[in-house]
file input-v1.txt (compact mmCIF, C-alpha atoms)
# COMPACT_ATOMS: atom_id res chain seq x y z
CA MET V 131 111.72 21.13 6.81
CA LEU V 132 114.49 20.68 9.39
CA TRP V 133 116.65 18.92 6.81
CA LYS V 134 116.37 21.90 4.44
CA TYR V 135 117.96 24.13 7.08
CA ILE V 136 120.70 21.57 7.70
CA ASP V 137 121.36 21.30 3.97
CA LEU V 138 121.52 25.10 3.72
CA LEU V 139 124.09 25.35 6.52
CA SER V 140 126.09 22.47 5.06
CA SER V 141 126.18 24.10 1.62
CA ALA V 142 127.22 27.46 3.10
CA SER V 143 130.12 25.98 5.08
CA ASP V 144 131.21 23.87 2.09
CA ILE V 145 131.28 26.93 -0.16
CA ILE V 146 133.62 28.73 2.25
CA LEU V 147 135.93 25.73 2.67
CA LYS V 148 136.05 24.58 -0.95
CA THR V 149 136.41 28.12 -2.28
CA PHE V 150 138.84 29.75 0.10
CA LEU V 151 141.13 26.99 1.37
CA ALA V 152 142.85 26.72 -2.01
CA LEU V 153 143.04 30.52 -2.33
CA PHE V 154 144.47 30.76 1.20
CA LEU V 155 147.16 28.18 0.44
CA TRP V 156 148.02 29.99 -2.79
CA GLU V 157 148.30 33.42 -1.22
CA THR V 158 150.40 31.97 1.62
CA ALA V 159 153.08 30.50 -0.67
CA GLU V 160 152.18 31.50 -4.28
CA ASN V 161 153.04 27.95 -5.22
CA LEU V 162 150.74 25.23 -6.56
CA TYR V 163 152.64 22.43 -4.79
CA PRO V 164 151.01 22.91 -1.33
CA ILE V 165 147.56 22.94 -2.95
CA LEU V 166 148.27 19.74 -4.87
CA ILE V 167 149.68 17.94 -1.79
CA PHE V 168 146.75 19.03 0.36
CA SER V 169 144.23 17.98 -2.32
CA VAL V 170 145.81 14.55 -2.83
CA ALA V 171 145.55 13.82 0.91
CA TYR V 172 142.01 15.23 1.01
CA PHE V 173 140.64 13.21 -1.90
CA ALA V 174 142.44 10.01 -0.84
CA ALA V 175 140.75 10.12 2.59
CA ILE V 176 137.17 10.50 1.32
CA PRO V 177 136.55 6.82 0.34
CA LEU V 178 137.88 5.58 3.70
CA ALA V 179 135.41 7.83 5.53
CA SER V 180 132.60 6.74 3.19
CA LEU V 181 133.35 3.11 4.03
CA ILE V 182 133.36 3.72 7.80
CA GLY V 183 130.47 6.19 7.60
CA GLY V 184 128.38 3.76 5.57
CA ALA V 185 128.82 1.10 8.23
CA LEU V 186 127.83 3.63 10.92
CA SER V 187 124.79 4.79 8.93
CA ASN V 188 123.57 1.25 8.39
CA ALA V 189 124.24 -0.03 11.89
CA ILE V 190 123.06 2.99 13.89
CA ALA V 191 121.72 6.00 11.93
CA PRO V 192 122.91 8.33 9.13
CA LYS V 193 123.09 11.30 11.47
CA ILE V 194 125.93 9.62 13.43
CA SER V 195 128.02 9.68 10.27
CA MET V 196 126.87 13.25 9.57
CA LEU V 197 127.90 14.47 13.02
CA SER V 198 131.27 12.72 12.73
CA GLY V 199 131.91 14.50 9.42
CA ILE V 200 130.91 17.90 10.77
CA TRP V 201 133.31 17.70 13.71
CA MET V 202 136.10 16.44 11.45
CA GLN V 203 135.62 19.60 9.39
CA VAL V 204 135.65 21.72 12.55
CA ALA V 205 138.95 20.10 13.57
CA GLN V 206 140.38 20.79 10.11
CA ILE V 207 139.53 24.49 10.29
CA ILE V 208 140.86 24.89 13.83
CA LEU V 209 144.18 23.36 12.78
CA ILE V 210 144.39 25.73 9.82
CA ILE V 211 143.67 28.76 12.02
CA VAL V 212 146.17 27.73 14.71
CA LEU V 213 148.95 26.54 12.37
CA ALA V 214 148.47 29.01 9.51
CA SER V 215 152.02 30.38 9.80
CA SER V 216 153.78 27.00 9.86
CA LEU V 217 152.05 24.75 7.32
CA ASP V 218 154.73 22.31 6.13
CA THR V 219 154.15 19.25 3.95
CA PHE V 220 153.37 16.96 6.91
CA LEU V 221 150.76 19.34 8.31
CA LEU V 222 149.20 19.87 4.88
CA ILE V 223 148.79 16.10 4.50
CA LEU V 224 147.40 15.74 8.03
CA ILE V 225 144.89 18.57 7.61
CA GLY V 226 143.97 17.28 4.16
CA ILE V 227 143.26 13.80 5.55
CA ILE V 228 141.09 15.21 8.35
CA GLY V 229 139.14 17.35 5.87
CA GLY V 230 138.71 14.42 3.48
CA LEU V 231 137.43 12.23 6.30
CA GLY V 232 134.95 14.97 7.17
CA GLU V 233 133.62 15.19 3.62
CA GLY V 234 133.42 11.41 3.27
CA PHE V 235 131.42 10.99 6.49
CA LYS V 236 129.04 13.77 5.43
CA ASN V 237 128.65 12.55 1.84
CA ILE V 238 127.42 9.16 2.94
CA ALA V 239 124.91 10.70 5.36
CA ILE V 240 123.63 13.60 3.24
CA ARG V 241 122.58 11.36 0.38
CA ASP V 242 120.91 8.92 2.78
CA ILE V 243 119.01 11.56 4.78
CA ALA V 244 117.98 13.54 1.68
CA ASP V 245 116.63 10.36 0.08
CA GLN V 246 114.34 9.81 3.07
CA THR V 247 113.09 13.40 3.27
CA ARG V 248 112.37 14.38 -0.35
CA SER V 249 110.09 13.51 -3.25
CA HIS V 250 111.42 11.33 -6.10
CA THR V 251 108.77 12.14 -8.71
CA ASN V 252 111.12 14.32 -10.80
CA GLU V 253 114.81 13.82 -10.02
CA ALA V 254 116.02 16.39 -12.56
CA LYS V 255 113.74 19.10 -11.18
CA TYR V 256 114.83 18.36 -7.60
CA TYR V 257 118.50 18.78 -8.46
CA THR V 258 117.77 21.95 -10.44
CA GLU V 259 116.00 23.50 -7.44
CA ARG V 260 118.89 22.51 -5.19
CA SER V 261 121.29 24.05 -7.69
CA ILE V 262 119.38 27.36 -7.51
CA GLN V 263 119.66 27.30 -3.71
CA ASN V 264 123.41 26.72 -3.88
CA GLU V 265 123.92 29.38 -6.54
CA LEU V 266 122.10 31.94 -4.39
CA LEU V 267 124.54 31.12 -1.60
CA ARG V 268 127.45 31.47 -4.04
CA LEU V 269 126.10 34.87 -5.03
CA PHE V 270 126.57 36.32 -1.54
CA ILE V 271 129.09 34.20 0.36
CA PRO V 272 132.24 34.48 -1.84
CA LEU V 273 131.73 38.22 -2.39
CA SER V 274 131.21 38.86 1.32
CA CYS V 275 134.20 36.72 2.24
CA ALA V 276 136.38 38.45 -0.36
CA LEU V 277 135.46 41.84 1.10
CA LEU V 278 136.48 40.59 4.56
CA ILE V 279 139.77 39.26 3.20
CA GLY V 280 140.43 42.53 1.40
CA THR V 281 140.15 44.54 4.62
CA GLY V 282 143.30 43.09 6.19
CA THR V 283 145.59 40.14 6.85
CA THR V 284 143.17 38.53 9.32
CA GLY V 285 140.44 38.16 6.69
CA TYR V 286 140.97 34.44 6.09
CA THR V 287 140.95 33.76 9.82
CA VAL V 288 137.61 35.56 10.16
CA ILE V 289 135.90 33.60 7.39
CA PHE V 290 137.25 30.32 8.72
CA GLN V 291 135.86 31.23 12.15
CA ILE V 292 132.48 31.94 10.52
CA SER V 293 132.56 28.51 8.90
CA VAL V 294 133.14 26.94 12.34
CA LEU V 295 130.02 28.69 13.65
CA LEU V 296 128.03 27.41 10.66
CA LEU V 297 129.24 23.87 11.30
CA VAL V 298 128.37 24.06 15.00
CA ALA V 299 124.84 25.20 14.11
CA GLU V 300 124.64 22.40 11.54
CA SER V 301 125.64 19.83 14.15
CA LEU V 302 122.99 21.06 16.60
CA LEU V 303 120.21 20.76 14.02
CA THR V 304 121.52 17.40 12.78
CA SER V 305 121.27 15.99 16.30
CA LEU V 306 117.52 16.74 16.17
CA VAL V 307 116.72 15.19 12.77
CA GLN V 308 114.84 11.87 12.80
CA VAL V 309 115.86 9.34 10.13
CA GLN V 310 116.23 5.58 10.04
CA ASN V 311 119.13 3.39 9.00
CA LYS V 312 118.64 1.64 5.66
CA SER V 313 119.88 -1.78 6.81
CA THR V 314 122.08 -3.37 9.45
CA ASP V 315 124.90 -4.64 7.21
CA PHE V 316 127.34 -2.86 4.93
CA ASN V 317 127.67 -5.20 1.94
CA LEU V 318 131.09 -4.32 0.51
CA LYS V 319 131.38 -7.45 -1.61
CA GLU V 320 128.06 -6.86 -3.33
CA ILE V 321 128.75 -3.23 -4.25
CA LEU V 322 132.21 -4.03 -5.64
CA THR V 323 130.86 -6.90 -7.76
CA ILE V 324 130.30 -5.80 -11.37
CA PRO V 325 127.59 -5.88 -12.59
CA GLY V 326 126.15 -7.59 -9.52
CA THR V 327 122.41 -6.92 -9.34
CA ASN V 328 122.63 -3.76 -11.46
CA PRO V 329 123.14 -4.15 -15.23
CA ASN V 330 124.23 -0.48 -15.38
CA LYS V 331 126.81 -0.51 -12.59
CA ALA V 332 129.77 -0.45 -14.99
CA THR V 333 128.19 2.48 -16.86
CA LEU V 334 127.70 4.35 -13.60
CA ILE V 335 131.34 3.79 -12.63
CA LYS V 336 132.61 5.05 -15.99
CA GLY V 337 130.45 8.19 -15.87
CA VAL V 338 131.43 9.01 -12.29
CA PHE V 339 135.09 8.42 -13.12
CA MET V 340 135.02 10.95 -15.97
CA GLU V 341 133.40 13.58 -13.75
CA GLY V 342 136.03 12.91 -11.10
CA LEU V 343 138.79 13.69 -13.60
CA SER V 344 137.18 17.06 -14.23
CA GLU V 345 136.70 17.83 -10.53
CA GLY V 346 140.37 17.12 -9.82
CA VAL V 347 141.13 20.32 -11.74
CA THR V 348 138.02 22.49 -11.18
CA LEU V 349 138.17 22.16 -7.39
CA THR V 350 141.89 22.87 -7.05
CA ILE V 351 143.78 24.52 -9.91
CA LEU V 352 141.12 26.44 -11.84
CA PRO V 353 140.34 28.95 -9.04
CA ILE V 354 144.05 29.80 -8.84
CA ILE V 355 144.30 30.31 -12.60
CA ILE V 356 141.38 32.76 -12.41
CA LEU V 357 142.90 34.57 -9.41
CA VAL V 358 146.23 35.00 -11.20
CA PHE V 359 144.48 36.41 -14.27
CA VAL V 360 142.34 38.96 -12.41
CA GLY V 361 145.09 39.99 -9.99
CA SER V 362 143.30 40.24 -6.63
CA ILE V 363 140.80 38.42 -4.46
CA LEU V 364 138.32 41.28 -4.81
CA ASN V 365 138.47 41.18 -8.63
CA TRP V 366 138.12 37.41 -8.40
CA SER V 367 134.94 37.79 -6.32
CA ILE V 368 133.43 40.28 -8.79
CA LEU V 369 134.03 37.87 -11.67
CA ASN V 370 132.63 35.01 -9.58
CA THR V 371 129.52 37.05 -8.79
CA ALA V 372 128.94 37.76 -12.49
CA LEU V 373 129.24 34.04 -13.28
CA VAL V 374 126.85 33.14 -10.46
CA LEU V 375 124.27 35.62 -11.78
CA ILE V 376 124.49 33.88 -15.16
CA SER V 377 124.14 30.55 -13.38
CA ILE V 378 121.04 31.62 -11.45
CA PHE V 379 119.36 32.98 -14.58
CA ALA V 380 120.17 29.76 -16.45
CA SER V 381 118.94 27.63 -13.54
CA LEU V 382 115.60 29.46 -13.45
CA MET V 383 115.17 28.98 -17.18
CA ILE V 384 116.14 25.32 -17.09
CA GLU V 385 113.88 24.62 -14.11
CA GLN V 386 110.87 25.51 -16.24
CA ILE V 387 111.64 23.00 -18.98
CA ILE V 388 113.74 20.18 -17.57
CA ASN V 389 112.40 16.76 -16.71
CA ASP V 390 113.76 13.24 -16.54
CA THR V 391 113.03 12.76 -20.26
CA ASN V 392 114.84 15.74 -21.81
CA SER V 393 117.73 16.01 -19.33
CA LYS V 394 119.94 13.94 -21.64
CA SER V 395 119.47 16.37 -24.53
CA LEU V 396 120.17 19.40 -22.35
CA TYR V 397 123.32 17.75 -21.00
CA ALA V 398 124.48 17.09 -24.57
CA ILE V 399 123.95 20.74 -25.58
CA GLY V 400 125.86 21.97 -22.53
CA ALA V 401 128.71 19.53 -23.15
CA LEU V 402 129.06 20.67 -26.77
CA LEU V 403 129.14 24.37 -25.78
CA TYR V 404 131.71 23.69 -23.06
CA ALA V 405 133.94 21.65 -25.38
CA SER V 406 133.72 24.28 -28.13
CA ALA V 407 134.71 27.07 -25.74
CA SER V 408 137.72 25.10 -24.51
CA LEU V 409 139.05 24.74 -28.06
CA PHE V 410 139.60 28.53 -28.20
CA PHE V 411 142.67 27.89 -26.03
CA ILE V 412 144.36 26.30 -29.04
CA ALA V 413 144.62 29.73 -30.66
CA ARG V 414 144.75 32.14 -27.70
CA TYR V 415 145.39 32.22 -23.96
CA ASN V 416 144.11 35.46 -22.49
CA PHE V 417 141.46 36.73 -20.10
CA TYR V 418 138.77 37.12 -22.78
CA ILE V 419 139.08 33.50 -23.89
CA LEU V 420 139.13 32.42 -20.26
CA ALA V 421 135.95 34.44 -19.62
CA ILE V 422 134.17 32.71 -22.53
CA PHE V 423 135.35 29.36 -21.20
CA LEU V 424 134.09 30.17 -17.69
CA ILE V 425 130.65 31.22 -18.97
CA ALA V 426 130.36 27.95 -20.91
CA LYS V 427 131.56 26.05 -17.82
CA THR V 428 128.93 27.82 -15.70
CA LEU V 429 126.13 26.81 -18.07
CA MET V 430 127.50 23.27 -18.26
CA PHE V 431 127.54 22.89 -14.51
CA VAL V 432 123.97 24.20 -14.15
CA ILE V 433 122.80 21.53 -16.57
CA LYS V 434 125.04 18.95 -14.89
CA ASP V 435 123.40 19.57 -11.52
CA ALA V 436 120.12 18.45 -13.02
CA GLY V 437 120.99 16.04 -15.81
CA TYR V 438 124.09 14.34 -14.43
CA TYR V 439 123.07 13.79 -10.81
CA GLY V 440 119.56 12.80 -11.83
CA SER V 441 121.08 10.27 -14.23
CA ILE V 442 123.28 8.80 -11.49
CA ASP V 443 120.20 8.35 -9.30
CA LYS V 444 118.37 6.60 -12.13
CA LEU V 445 121.33 4.31 -12.83
CA MET V 446 121.41 3.31 -9.16
CA ALA V 447 117.65 2.73 -9.27
CA GLN V 448 118.19 -0.07 -11.82
CA ASP V 449 119.55 -2.19 -8.97
CA LYS V 450 116.82 -4.40 -7.55
CA ASN V 451 118.59 -4.16 -4.19
CA GLU V 452 119.13 -0.38 -4.25
CA THR V 453 117.18 0.22 -1.03
CA SER V 454 119.43 -2.10 0.98
CA LEU V 455 122.60 -0.91 -0.84
CA PHE V 456 122.05 2.84 -0.52
CA SER V 457 125.08 3.63 1.63
CA GLU V 458 127.17 1.19 -0.40
CA TYR V 459 126.41 3.09 -3.61
CA GLN V 460 127.57 6.36 -2.06
CA PHE V 461 130.81 4.61 -1.05
CA LEU V 462 131.25 3.32 -4.60
CA ILE V 463 130.70 6.82 -6.03
CA ASP V 464 133.14 8.38 -3.55
CA LEU V 465 135.74 5.68 -4.23
CA VAL V 466 135.65 6.03 -8.02
CA THR V 467 135.39 9.84 -7.91
CA SER V 468 138.35 10.16 -5.55
CA ILE V 469 140.56 7.87 -7.63
CA ALA V 470 139.70 9.93 -10.71
CA ARG V 471 140.34 13.23 -8.91
CA LEU V 472 143.77 12.01 -7.81
CA ILE V 473 144.99 11.14 -11.32
CA PRO V 474 145.33 14.71 -12.72
CA LEU V 475 146.73 15.99 -9.40
CA ILE V 476 149.43 13.31 -9.23
CA LEU V 477 150.31 13.94 -12.89
CA LEU V 478 150.61 17.67 -12.21
CA ILE V 479 152.91 17.00 -9.23
CA ILE V 480 155.09 14.71 -11.37
CA LEU V 481 155.20 17.28 -14.19
CA GLY V 482 156.03 20.04 -11.70
CA ILE V 483 153.27 22.36 -12.92
CA ASN V 484 153.94 26.06 -12.77
CA ILE V 485 151.18 28.63 -13.07
CA LYS V 486 153.32 30.39 -15.69
CA ASP V 487 153.59 27.26 -17.85
CA GLU V 488 151.15 28.46 -20.50
CA THR V 489 151.35 25.35 -22.68
CA LEU V 490 150.51 22.93 -19.88
CA ILE V 491 147.72 25.15 -18.58
CA ARG V 492 146.17 25.40 -22.04
CA VAL V 493 146.31 21.63 -22.58
CA MET V 494 144.74 21.10 -19.15
CA LEU V 495 141.87 23.51 -19.85
CA ILE V 496 141.18 21.98 -23.26
CA GLY V 497 141.08 18.54 -21.68
CA LEU V 498 138.77 19.86 -18.97
CA GLY V 499 136.31 21.13 -21.56
CA LEU V 500 136.19 17.79 -23.36
CA VAL V 501 135.45 15.67 -20.27
CA PRO V 502 131.62 16.15 -20.29
CA LEU V 503 131.46 14.80 -23.84
CA PHE V 504 133.17 11.61 -22.70
CA THR V 505 130.90 11.50 -19.64
CA LEU V 506 127.84 11.76 -21.89
CA THR V 507 129.18 8.94 -24.04
CA MET V 508 129.69 6.74 -20.99
CA LEU V 509 126.26 7.41 -19.46
CA GLY V 510 124.60 7.07 -22.86
CA LYS V 511 125.64 3.41 -22.97
CA SER V 512 123.24 2.42 -20.22
CA VAL V 513 120.55 -0.11 -21.03
CA PRO V 514 117.25 1.39 -22.31
CA SER V 515 115.47 1.00 -18.99
CA SER V 516 117.70 3.71 -17.49
CA ASP V 517 117.26 6.51 -19.98
CA LEU V 518 119.69 9.31 -19.10
call {"tool": "encode", "arguments": {"input": "input-v1.txt", "output": "structure tokens"}}
result
Amino acid sequence: MLWKYIDLLSSASDIILKTFLALFLWETAENLYPILIFSVAYFAAIPLASLIGGALSNAIAPKISMLSGIWMQVAQIILIIVLASSLDTFLLILIGIIGGLGEGFKNIAIRDIADQTRSHTNEAKYYTERSIQNELLRLFIPLSCALLIGTGTTGYTVIFQISVLLLVAESLLTSLVQVQNKSTDFNLKEILTIPGTNPNKATLIKGVFMEGLSEGVTLTILPIIILVFVGSILNWSILNTALVLISIFASLMIEQIINDTNSKSLYAIGALLYASASLFFIARYNFYILAIFLIAKTLMFVIKDAGYYGSIDKLMAQDKNETSLFSEYQFLIDLVTSIARLIPLILLIILGINIKDETLIRVMLIGLGLVPLFTLTMLGKSVPSSDL
């Protein structure tokens, strides 16, 4: 039960950080370059923290890695609050690295602790229930934060201060949780050997890589595109709330029918709808087409939370040494995901993307909609014993 409260606090603070840091950087400069530089530093630091955090989790306990990540995130927010008026490229990189280290340390611990404190009888159902929890948080947190931001220039400072309080509470509860380390060694050679003791390791890497490509855009550029279309942070929050309501309704429906057997079919349906919606950008680029795209994306991501993450767990379970390589698998996932996230961001920096460059934005959104189809193809190539 204690872990559920920790997970709730962690999700709440992550929603604030991952939603409003990019919007804050955009409204400070109205330029995508600072967001891209910050994101490159952030994503590049995650695998390093996963490597160090995995060693800490195995040698001592997962909560040591968790606490390290929480206080890295606190340091990141404090720097943003204190240096908000003077964020140059160096500071953006520094703050991005600190934030990435925080996420990497937490990623390695969250997966480890959750694995020890939950049932594994129906992976798809577990991830669907967790998705509903997170969507309920997204229903209230972004709207409330947007209202605070809309009341004056100190709005961002206030919500960042709230996130610090959430993280402090999270650290206090984490210090009380009782979990064991999985092993004493961090076997880097074994996890980087392909296939090693898992015939589906290459398939897992390919699937995670494709999702990382998508996240490189959805976590950074897409929120800014939406904000520019709707014109204000308050309008953005209203649209976000509508999408979350759709997501919650879809999650409740899917929870009733999904299981480890049919999750592959549901993922395929969602991927086809998402890809079809993205193709509308070939003909038009306006708010109505974007709204259709966002609805399809919302449905896709609800299904992904169940089908995709459950599939990753099942692919890892094909390893006869999974129990002793648990932290190592999280490092592998973070490493591959971060590399994939960096590719579109670096390309966009090289191309000098401008939010008014309609052609490039349309191509990017079409590509984004097609990624789940490629992900499905990759995961579908697993050996029969790991049915998606």
call {"tool": "residues_around", "arguments": {"input": "input-v1.txt", "residues": "V:Ile210", "least_positions_apart": "6", "cutoff": "9 Å", "atoms": "only C-alpha atoms", "output": "number ranges by chain"}}
result
V: 217, 225, 287, 290
call {"tool": "closest_residue", "arguments": {"input": "input-v1.txt", "among": "V:Ile378, V:Leu409, V:Ala244, V:Ala159", "to": "V:Lys134", "atoms": "only C-alpha atoms"}}
result
V:Ala244
call {"tool": "closest_residue", "arguments": {"input": "input-v1.txt", "among": "V:Val212, V:Leu357, V:Ala174, V:Leu166", "to": "V:Pro474", "atoms": "only C-alpha atoms"}}
result
V:Leu166
call {"tool": "atom_distance", "arguments": {"input": "input-v1.txt", "atom1": "atom CA of V:Pro164", "atom2": "atom CA of V:Thr149"}}
result
15.5 Å
call {"tool": "residues_around", "arguments": {"input": "input-v1.txt", "residues": "V:Met383", "least_positions_apart": "6", "cutoff": "12 Å", "atoms": "all atoms listed in the file", "output": "NGL selection string"}}
result
:V and (255 or 258-259 or 262 or 376-377 or 396 or 429 or 432-433)
call {"tool": "residues_around", "arguments": {"input": "input-v1.txt", "residues": "V:Ile356", "least_positions_apart": "4", "cutoff": "7 Å", "atoms": "all atoms listed in the file", "output": "PyMOL selection string"}}
result
chain V and resi 352+360+366
call {"tool": "atom_distance", "arguments": {"input": "input-v1.txt", "atom1": "atom CA of V:Ala421", "atom2": "atom CA of V:Ala276"}}
result
19.7 Å
